[in-house]
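S.K.: Here you go, this is work_29.txt (compact mmCIF, C-alpha atoms).
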# COMPACT_ATOMS: atom_id res chain seq x y z
CA MET A 1078 160.09 78.07 112.34
CA PRO A 1079 161.64 76.52 109.23
CA THR A 1080 162.73 78.79 106.41
CA ALA A 1081 161.50 78.56 102.83
CA LYS A 1082 164.78 76.89 101.90
CA GLU A 1083 164.36 74.29 104.64
CA TYR A 1084 160.84 73.46 103.51
CA ILE A 1085 162.03 72.91 99.96
CA GLU A 1086 164.93 70.82 101.23
CA LYS A 1087 162.44 68.69 103.12
CA LEU A 1088 160.34 68.33 99.98
CA ALA A 1089 163.44 67.39 97.98
CA ALA A 1090 164.46 64.77 100.52
CA SER A 1091 160.93 63.34 100.58
CA VAL A 1092 160.75 63.14 96.78
CA ASN A 1093 164.15 61.45 96.73
CA LEU A 1094 162.98 58.91 99.32
CA ALA A 1095 159.78 58.22 97.39
CA ASP A 1096 161.85 57.78 94.26
CA LYS A 1097 164.02 55.14 95.93
CA PHE A 1098 161.13 53.22 97.52
CA TRP A 1099 158.85 53.22 94.48
CA THR A 1100 161.65 52.56 91.98
CA HIS A 1101 162.97 49.66 94.04
CA TYR A 1102 159.50 48.16 94.26
CA GLY A 1103 158.87 48.73 90.55
CA TRP A 1104 162.18 47.16 89.59
CA VAL A 1105 161.68 44.10 91.80
CA THR A 1106 158.10 43.46 90.71
CA SER A 1107 158.72 44.03 87.00
CA GLN A 1108 161.59 41.55 87.04
CA ALA A 1109 159.69 39.07 89.19
CA TYR A 1110 156.45 39.24 87.22
CA ALA A 1111 158.20 38.91 83.86
CA THR A 1112 160.33 35.97 85.01
CA ALA A 1113 157.39 34.19 86.61
CA TYR A 1114 155.20 34.63 83.53
CA LYS A 1115 157.93 33.27 81.26
CA THR A 1116 158.49 30.28 83.56
CA ASN A 1117 154.79 29.46 83.72
CA GLN A 1118 154.41 29.79 79.97
CA ASN A 1119 157.31 27.38 79.44
CA VAL A 1120 155.51 24.83 81.61
CA LEU A 1121 152.28 25.26 79.67
CA THR A 1122 154.08 25.02 76.35
CA GLY A 1123 155.24 21.56 77.33
CA VAL A 1124 151.67 20.38 77.88
CA LYS A 1125 150.32 19.06 74.60
CA VAL A 1126 146.67 19.65 75.45
CA ALA A 1127 147.08 23.39 76.06
CA GLN A 1128 144.37 25.15 74.07
CA GLU A 1129 144.85 28.44 72.26
CA ALA A 1130 141.11 29.15 72.48
CA HIS A 1131 141.36 29.84 76.20
CA ARG A 1132 144.40 32.07 75.94
CA LYS A 1133 142.68 35.45 76.31
CA ALA A 1134 140.63 34.34 79.29
CA ASP A 1135 143.73 32.82 80.86
CA GLU A 1136 145.77 35.99 80.37
CA ALA A 1137 143.03 38.18 81.82
CA ALA A 1138 142.73 35.96 84.90
CA MET A 1139 146.49 35.78 85.39
CA SER A 1140 146.81 39.56 85.04
CA PHE A 1141 144.10 39.95 87.66
CA LEU A 1142 146.04 37.79 90.11
CA LEU A 1143 149.20 39.81 89.48
CA SER A 1144 147.23 42.90 90.48
CA VAL A 1145 146.02 40.99 93.55
CA LEU A 1146 149.66 40.37 94.49
CA THR A 1147 150.51 44.03 93.86
CA VAL A 1148 147.71 45.33 96.08
CA GLY A 1149 148.27 42.74 98.80
CA VAL A 1150 151.97 43.59 99.13
CA ALA A 1151 152.12 47.32 98.39
CA GLY A 1152 148.55 48.48 99.00
CA GLY A 1153 145.77 50.07 97.01
CA VAL A 1154 147.85 53.03 95.84
CA ALA A 1155 150.30 50.75 93.99
CA GLY A 1156 147.38 48.93 92.38
CA ALA A 1157 145.72 52.18 91.37
CA VAL A 1158 148.96 53.49 89.87
CA ALA A 1159 149.30 50.34 87.77
CA ARG A 1160 145.64 50.34 86.75
CA SER A 1161 145.80 53.97 85.66
CA ALA A 1162 148.78 53.30 83.41
CA ALA A 1163 147.26 50.04 82.19
CA LYS A 1164 144.04 51.76 81.16
CA ALA A 1165 146.03 54.41 79.31
CA PHE A 1166 148.00 51.67 77.56
CA TYR A 1167 144.89 49.69 76.67
CA ASP A 1168 143.11 52.78 75.36
CA GLY A 1169 146.03 53.41 73.02
CA SER A 1170 147.40 56.42 74.89
CA LYS A 1171 150.95 56.14 76.14
CA VAL A 1172 151.54 57.68 79.53
CA ALA A 1173 154.78 59.24 78.30
CA GLU A 1174 152.84 61.10 75.63
CA ASP A 1175 150.42 62.40 78.25
CA VAL A 1176 153.33 63.72 80.29
CA LYS A 1177 154.63 65.62 77.27
CA LYS A 1178 151.18 67.10 76.68
CA ASP A 1179 150.95 68.22 80.31
CA VAL A 1180 154.38 69.84 80.16
CA LEU A 1181 153.58 71.59 76.89
CA LYS A 1182 150.25 72.83 78.24
CA TRP A 1183 151.92 74.21 81.34
CA LEU A 1184 154.64 75.94 79.35
CA LEU A 1185 152.06 77.60 77.13
CA ILE A 1186 149.66 78.76 79.85
CA GLN A 1187 151.80 78.58 82.95
CA GLN A 1188 149.95 80.99 85.22
CA ALA A 1189 146.53 79.59 84.40
CA VAL A 1190 147.35 75.91 84.85
CA GLY A 1191 150.40 75.62 87.12
CA PRO A 1192 152.46 72.46 87.54
CA LEU A 1193 149.92 70.95 89.96
CA ASN A 1194 147.21 70.63 87.34
CA LYS A 1195 144.30 68.21 87.51
CA ARG A 1196 146.19 65.30 85.95
CA LEU A 1197 149.08 65.68 88.38
CA VAL A 1198 146.72 65.80 91.36
CA GLU A 1199 144.94 62.67 90.14
CA ALA A 1200 148.24 60.90 89.55
CA LEU A 1201 149.55 61.61 93.04
CA ASN A 1202 146.20 60.79 94.65
CA PRO A 1203 145.10 57.60 92.86
CA ALA A 1204 141.70 56.30 93.89
CA ALA A 1205 142.64 53.34 96.05
CA THR A 1206 139.14 51.86 96.20
CA ALA A 1207 138.34 48.24 95.54
CA SER A 1208 136.99 49.08 92.07
CA ASP A 1209 140.08 51.00 90.98
CA VAL A 1210 143.09 49.00 92.14
CA PHE A 1211 142.73 45.78 90.19
CA VAL A 1212 143.70 45.29 86.58
CA PRO A 1213 141.17 46.10 83.83
CA SER A 1214 139.95 43.23 81.68
CA ASP A 1215 141.57 42.26 78.38
CA ILE A 1216 145.13 43.10 79.31
CA THR A 1217 148.00 40.63 79.23
CA PRO A 1218 150.41 39.96 82.11
CA GLU A 1219 153.21 41.58 80.07
CA GLU A 1220 151.15 44.74 79.64
CA TYR A 1221 150.23 44.82 83.31
CA THR A 1222 153.88 44.44 84.33
CA ALA A 1223 154.93 47.28 82.03
CA SER A 1224 152.04 49.43 83.25
CA LEU A 1225 153.02 49.05 86.88
CA PHE A 1226 156.55 50.31 86.28
CA GLU A 1227 155.36 52.97 83.85
CA GLY A 1228 152.84 54.33 86.34
CA ILE A 1229 155.51 54.55 89.02
CA SER A 1230 158.05 56.29 86.78
CA TYR A 1231 155.34 58.71 85.61
CA ASN A 1232 154.58 59.89 89.13
CA ILE A 1233 158.24 60.15 90.08
CA ALA A 1234 158.86 62.25 86.96
CA LEU A 1235 155.99 64.57 87.89
CA LEU A 1236 157.32 65.01 91.42
CA THR A 1237 160.85 65.68 90.21
CA TRP A 1238 159.57 68.19 87.69
CA LEU A 1239 157.48 69.94 90.33
CA LEU A 1240 160.46 70.17 92.67
CA TYR A 1241 162.67 71.54 89.91
CA GLU A 1242 160.15 74.24 89.04
CA ALA A 1243 159.74 75.26 92.68
CA GLN A 1244 163.51 75.52 93.16
CA TRP A 1245 164.72 77.00 89.91
CA GLU A 1246 161.92 78.71 87.99
CA PRO A 1247 162.12 82.40 89.04
CA THR A 1248 159.03 83.43 87.05
CA LEU A 1249 156.79 80.90 88.79
CA ASN A 1250 155.00 83.00 91.40
CA ARG A 1251 152.13 80.72 92.29
CA VAL A 1252 150.73 77.26 91.74
CA ASN A 1253 147.20 75.90 91.80
CA TYR A 1254 146.50 72.84 93.93
CA GLU A 1255 143.00 71.37 93.79
CA GLY A 1256 141.54 74.80 93.13
CA THR A 1257 143.60 76.52 95.83
CA LYS A 1258 146.15 79.12 94.76
CA ILE A 1259 149.46 78.94 96.60
CA GLN A 1260 151.53 82.12 96.48
CA LEU A 1261 155.00 80.66 96.03
CA ARG A 1262 157.20 83.71 95.43
CA SER A 1263 157.31 87.36 96.29
CA GLY A 1264 159.78 89.58 94.48
CA GLY A 1265 161.34 86.52 92.86
CA GLU A 1266 162.07 84.87 96.23
CA LEU A 1267 160.36 81.84 97.76
CA THR A 1268 158.03 82.78 100.60
CA VAL A 1269 158.02 80.70 103.77
CA ASP A 1270 154.26 80.27 103.62
CA GLY A 1271 154.34 79.28 99.95
CA ALA A 1272 157.12 76.72 100.48
CA LYS A 1273 155.34 75.34 103.56
CA ARG A 1274 151.97 74.94 101.85
CA LEU A 1275 153.48 73.41 98.74
CA THR A 1276 155.51 70.91 100.79
CA GLU A 1277 152.52 69.96 102.93
CA ALA A 1278 150.28 69.60 99.86
CA VAL A 1279 152.65 67.19 98.14
CA LEU A 1280 153.48 65.20 101.28
CA SER A 1281 149.77 64.71 102.01
CA THR A 1282 149.17 62.86 98.72
CA SER A 1283 148.57 59.12 98.91
CA PHE A 1284 151.51 58.42 96.59
CA MET A 1285 153.83 59.98 99.18
CA LYS A 1286 152.09 58.69 102.31
CA GLU A 1287 151.59 55.07 101.23
CA MET A 1288 154.90 54.03 99.73
CA PRO A 1289 155.54 50.33 99.06
CA PRO A 1290 157.64 48.24 101.44
CA LEU A 1291 161.39 48.15 100.99
CA GLU A 1292 161.61 44.52 102.14
CA VAL A 1293 160.81 42.95 98.77
CA SER A 1294 163.27 40.76 96.88
CA ILE A 1295 163.25 39.44 93.34
CA PRO A 1296 163.49 35.72 94.34
CA ALA A 1297 160.60 35.95 96.82
CA MET A 1298 158.40 38.02 94.55
CA THR A 1299 159.14 35.75 91.58
CA ARG A 1300 157.88 32.71 93.50
CA LYS A 1301 154.75 34.54 94.58
CA ALA A 1302 154.15 35.96 91.11
CA SER A 1303 154.40 32.46 89.65
CA LEU A 1304 151.92 31.17 92.22
CA ALA A 1305 149.60 34.13 91.53
CA LEU A 1306 149.69 33.36 87.81
CA TRP A 1307 148.81 29.71 88.43
CA ILE A 1308 145.94 30.71 90.71
CA GLY A 1309 144.63 33.07 88.04
CA TRP A 1310 145.00 30.31 85.45
CA ALA A 1311 142.96 27.96 87.64
CA LEU A 1312 140.18 30.52 88.02
CA SER A 1313 139.69 30.59 84.25
CA ARG A 1314 139.38 26.83 83.70
CA ASP A 1315 136.13 25.28 82.46
CA ALA A 1316 134.37 24.19 85.67
CA LYS A 1317 131.73 21.99 84.04
CA TYR A 1318 134.32 20.15 81.97
CA TRP A 1319 136.61 19.41 84.89
CA LYS A 1320 133.74 18.45 87.18
CA LYS A 1321 133.47 15.30 85.05
CA ALA A 1322 137.00 14.39 86.07
CA TRP A 1323 135.98 14.76 89.72
CA ASP A 1324 132.79 12.72 89.31
CA TYR A 1325 134.42 9.97 87.23
CA PRO A 1326 138.07 9.73 88.31
CA PRO A 1327 140.69 7.78 86.34
CA LYS A 1328 141.10 4.11 87.23
CA VAL A 1329 142.46 0.95 85.65
CA ASP A 1330 140.83 -2.43 86.16
CA MET A 1331 142.58 -5.77 86.56
CA LEU A 1332 142.68 -6.26 82.81
CA GLY A 1333 144.38 -2.92 82.24
CA GLN A 1334 141.28 -1.25 80.84
CA ARG A 1335 140.81 2.46 81.51
CA ILE A 1336 137.83 3.52 83.59
CA GLY A 1337 136.72 7.12 83.95
CA SER A 1338 135.91 10.17 81.84
CA ASN A 1339 138.17 11.70 79.20
CA PRO A 1340 138.76 14.82 81.36
CA ALA A 1341 139.84 12.50 84.18
CA TRP A 1342 142.58 10.97 82.06
CA GLU A 1343 143.54 14.32 80.58
CA GLN A 1344 144.61 15.38 84.08
CA LEU A 1345 147.69 13.18 83.71
CA ASP A 1346 148.90 15.46 80.91
CA TRP A 1347 148.97 18.35 83.38
CA GLU A 1348 151.56 16.70 85.61
CA PRO A 1349 154.19 19.41 84.78
CA VAL A 1350 151.81 22.03 86.19
CA ARG A 1351 151.19 19.97 89.33
CA SER A 1352 154.92 19.55 89.82
CA ALA A 1353 155.48 23.31 89.47
CA LEU A 1354 152.69 24.03 91.96
CA ILE A 1355 154.10 21.63 94.54
CA GLY A 1356 157.41 23.46 94.25
CA LEU A 1357 155.59 26.70 95.06
CA GLY A 1358 153.99 25.28 98.19
CA ALA A 1359 150.60 24.11 96.93
CA PRO A 1360 149.29 21.15 99.00
CA HIS A 1361 150.23 17.80 97.44
CA ALA A 1362 147.27 15.96 98.93
CA VAL A 1363 144.78 18.46 97.52
CA ILE A 1364 145.93 18.95 93.93
CA THR A 1365 147.23 15.46 93.11
CA VAL A 1366 145.30 12.69 91.38
CA ASP A 1367 146.79 9.19 91.46
CA VAL A 1368 145.84 6.37 89.11
CA ILE A 1369 145.76 3.05 90.93
CA GLN A 1370 145.64 -0.34 89.21
CA ASP A 1371 144.56 -3.41 91.11
CA ARG A 1372 147.58 -5.40 92.33
CA LYS A 1373 150.05 -2.98 90.73
CA GLY A 1374 149.35 0.07 92.87
CA LEU A 1375 150.28 3.56 91.67
CA ILE A 1376 150.90 3.67 87.92
CA ALA A 1377 150.39 7.34 87.04
CA ARG A 1378 150.00 10.77 88.63
CA GLY A 1379 148.57 14.09 87.46
CA LEU A 1380 146.93 17.37 88.43
CA ASP A 1381 143.54 17.06 90.10
CA MET A 1382 142.18 19.98 88.14
CA TYR A 1383 138.82 20.43 89.82
CA ALA A 1384 140.33 20.21 93.29
CA PHE A 1385 143.03 22.69 92.24
CA MET A 1386 140.36 25.09 90.99
CA ALA A 1387 138.46 24.85 94.29
CA TRP A 1388 141.69 25.44 96.25
CA ALA A 1389 142.63 28.41 94.05
CA ALA A 1390 139.23 30.02 94.66
CA GLY A 1391 139.37 29.47 98.41
CA PRO A 1392 141.12 31.22 101.30
CA HIS A 1393 144.01 28.74 101.57
CA SER A 1394 145.52 29.86 98.26
CA THR A 1395 145.33 33.47 99.43
CA ALA A 1396 147.05 32.54 102.69
CA LEU A 1397 149.88 30.83 100.81
CA LEU A 1398 150.23 33.73 98.38
CA PHE A 1399 150.66 36.20 101.23
CA ASP A 1400 152.67 34.14 103.71
CA ASP A 1401 155.57 35.43 105.79
CA SER A 1402 158.07 35.30 102.91
CA ILE A 1403 156.83 38.66 101.57
CA PRO A 1404 155.55 41.84 103.24
CA ARG A 1405 151.82 42.41 103.40
CA ASN A 1406 149.86 45.65 103.31
CA ALA A 1407 146.97 45.42 105.78
CA LYS A 1408 144.48 47.57 103.86
CA GLY A 1409 145.53 46.09 100.53
CA PHE A 1410 145.17 42.55 101.84
CA GLU A 1411 141.66 43.33 103.03
CA MET A 1412 140.71 44.57 99.55
CA VAL A 1413 142.31 41.50 97.99
CA THR A 1414 140.41 39.11 100.26
CA GLN A 1415 137.08 40.78 99.51
CA ARG A 1416 137.66 40.98 95.76
CA LYS A 1417 139.03 37.47 95.28
CA SER A 1418 136.14 35.95 97.26
CA ARG A 1419 133.74 37.03 94.51
CA ARG A 1420 134.86 34.06 92.40
CA THR A 1421 133.49 30.83 93.88
CA LEU A 1422 133.28 27.28 92.57
CA THR A 1423 129.87 25.64 92.92
CA PRO A 1424 128.58 22.19 91.84
CA TYR A 1425 127.05 24.01 88.86
CA GLY A 1426 130.17 25.89 87.75
CA TRP A 1427 131.77 29.23 88.49
CA ALA A 1428 129.85 31.98 90.25
CA GLY A 1429 131.00 35.59 90.15
CA ASP A 1430 133.45 37.39 87.89
CA LEU A 1431 137.06 38.36 88.44
CA ASN A 1432 136.78 41.86 86.99
Since I need it in another form, could you write the structure as structure tokens?
M.R.:
Amino acid sequence: MPTAKEYIEKLAASVNLADKFWTHYGWVTSQAYATAYKTNQNVLTGVKVAQEAHRKADEAAMSFLLSVLTVGVAGGVAGAVARSAAKAFYDGSKVAEDVKKDVLKWLLIQQAVGPLNKRLVEALNPAATASDVFVPSDITPEEYTASLFEGISYNIALLTWLLYEAQWEPTLNRVNYEGTKIQLRSGGELTVDGAKRLTEAVLSTSFMKEMPPLEVSIPAMTRKASLALWIGWALSRDAKYWKKAWDYPPKVDMLGQRIGSNPAWEQLDWEPVRSALIGLGAPHAVITVDVIQDRKGLIARGLDMYAFMAWAAGPHSTALLFDDSIPRNAKGFEMVTQRKSRRTLTPYGWAGDLN
């Protein structure tokens, strides 16, 4: 039977491993998401017809797709961790400040609260349900990216603090875990039963059991984050407006006169976006609109916006987003597929909301 020291050593090793896995994932995704967002914004800046009026809706949709990528790769726990921090950020409450409050509360009423208080339990067991893993509305991609890393660092800090207290705080005789009192010390010494129960309690939390994959790289995640942002951007476009481009495509007659709706010709201005999408693997034949003039052939090319919107809402965009170039969490991917399918493009416009 392991000794109290061996149980704590196991807990320390497990916390250290979780630190490495979660920190690596947080570092990769924060760099990838930030780089992808900046790249996509640079492309949009170069398009003269970009409209400021749609910015909030665009950012909300793009943030949602970043959370889709997070959940699909790392699972519901990672999404819930990010959402929790994002909600705290959006509500005007910094997570770091909450940590300080928890520490202060524990120091003041140590025996009554214990280091495993309600907030710590909730943090280490985030609700990984479909309603709690995706980003809340009205948050920008920058805020979501920061929230993901902040949520990870918050939980790692709590675990490290808990381990420190268990190892080095001689006056800490017991802790409370989900209403259960764990007798940790007897006569100032760690008890075997206390160390065992504490170790098992922490290791059974979802944050410890469902760590993100180690096989994630900044280049691969940057490409997928950029694609996710474009998919989110497509899902916030005006369906009725761009349906006109589909119904009345751009053409040029023999005399050089333009035929087609204004939205149809506006699609040519979005050529930089089409080019970026092709580079990310989007199907050329689906998202490309060509302008053909009699006898001259191809004279211009642009983004078939309505077709791109339909592709973004469908299963093929999801398949490309989670191809073999990045790891995929089975449960997370299932939640992603169900949630993303809520948004559908019909002949009458969009049906279903993202959030």
S.K.: Rounded to one decimal in Å, what is the spacing between atom CA of A:Ser1303 and atom CA of A:Thr1423?
M.R.: 25.7 Å
S.K.: Neighbouring residues of A:Gly1358 were defined as those with any atom within 10 Å, considering all atoms listed in the file; residues of the same chain fewer than 5 positions away were excluded. Please report them as a list in words.
M.R.: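 Near neighbours after the sequence-gap exclusion: Arg1300, Lys1301, Leu1304, Ala1353, Ser1394, Leu1397 and Leu1398 of chain A.
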S.K.: Let me see the file: selected residues, C-alpha atoms, as a compact mmCIF listing (two decimals), in the coordinates of the input.
M.R.:
# COMPACT_ATOMS: atom_id res chain seq x y z
CA ARG A 1300 157.88 32.71 93.50
CA LYS A 1301 154.75 34.54 94.58
CA LEU A 1304 151.92 31.17 92.22
CA ALA A 1353 155.48 23.31 89.47
CA SER A 1394 145.52 29.86 98.26
CA LEU A 1397 149.88 30.83 100.81
CA LEU A 1398 150.23 33.73 98.38
S.K.: Tell me which protein, DNA and RNA residues are within 10 Å of stretch 1096-1108 of chain A, counting all atoms listed in the file, leaving out same-chain ones fewer than 2 positions away, and put them as a PyMOL selection string.
M.R.: chain A and resi 1090-1094+1110-1113+1143+1146-1147+1151+1155+1219+1221-1230+1232-1234+1236-1237+1284-1285+1288-1299+1302
S.K.: Using only C-alpha atoms for the distances, tell me which of A:Ala1341, A:Val1279, A:Ala1407, A:Val1363 is nearest to A:Ala1095.
M.R.: A:Val1279
S.K.: Distance atom CA of A:Leu1275-atom CA of A:Ala1157, one decimal place?
M.R.: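 That distance, rounded to one decimal, is 23.8 Å.
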S.K.: Could you tell me how far atom CA of A:Thr1268 sits from atom CA of A:Leu1088, in Å to one decimal place?
M.R.: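 Separation of atom CA of A:Leu1088 and atom CA of A:Thr1268: 14.6 Å.
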S.K.: Would you mind telling me which residue in A:Val1350, A:Ile1308, A:Val1368, A:Ala1134 lies nearest to A:Pro1392 when using only C-alpha atoms?
M.R.: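 Among the listed residues, the smallest separation from A:Pro1392 belongs to A:Ile1308.
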S.K.: So which one's closest to A:Val1124, A:Asn1339, A:Gln1344, A:Thr1282, A:Thr1276? Using only C-alpha atoms, please.
M.R.: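 Closest residue, counting only C-alpha atoms: A:Gln1344.
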S.K.: Using only C-alpha atoms, find the one residue out of A:Leu1280, A:Ile1336, A:Ala1377, A:Ala1389 that sits nearest to A:Pro1360.
M.R.: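 Ranking A:Leu1280, A:Ile1336, A:Ala1377, A:Ala1389 by distance to A:Pro1360, first place goes to A:Ala1389.
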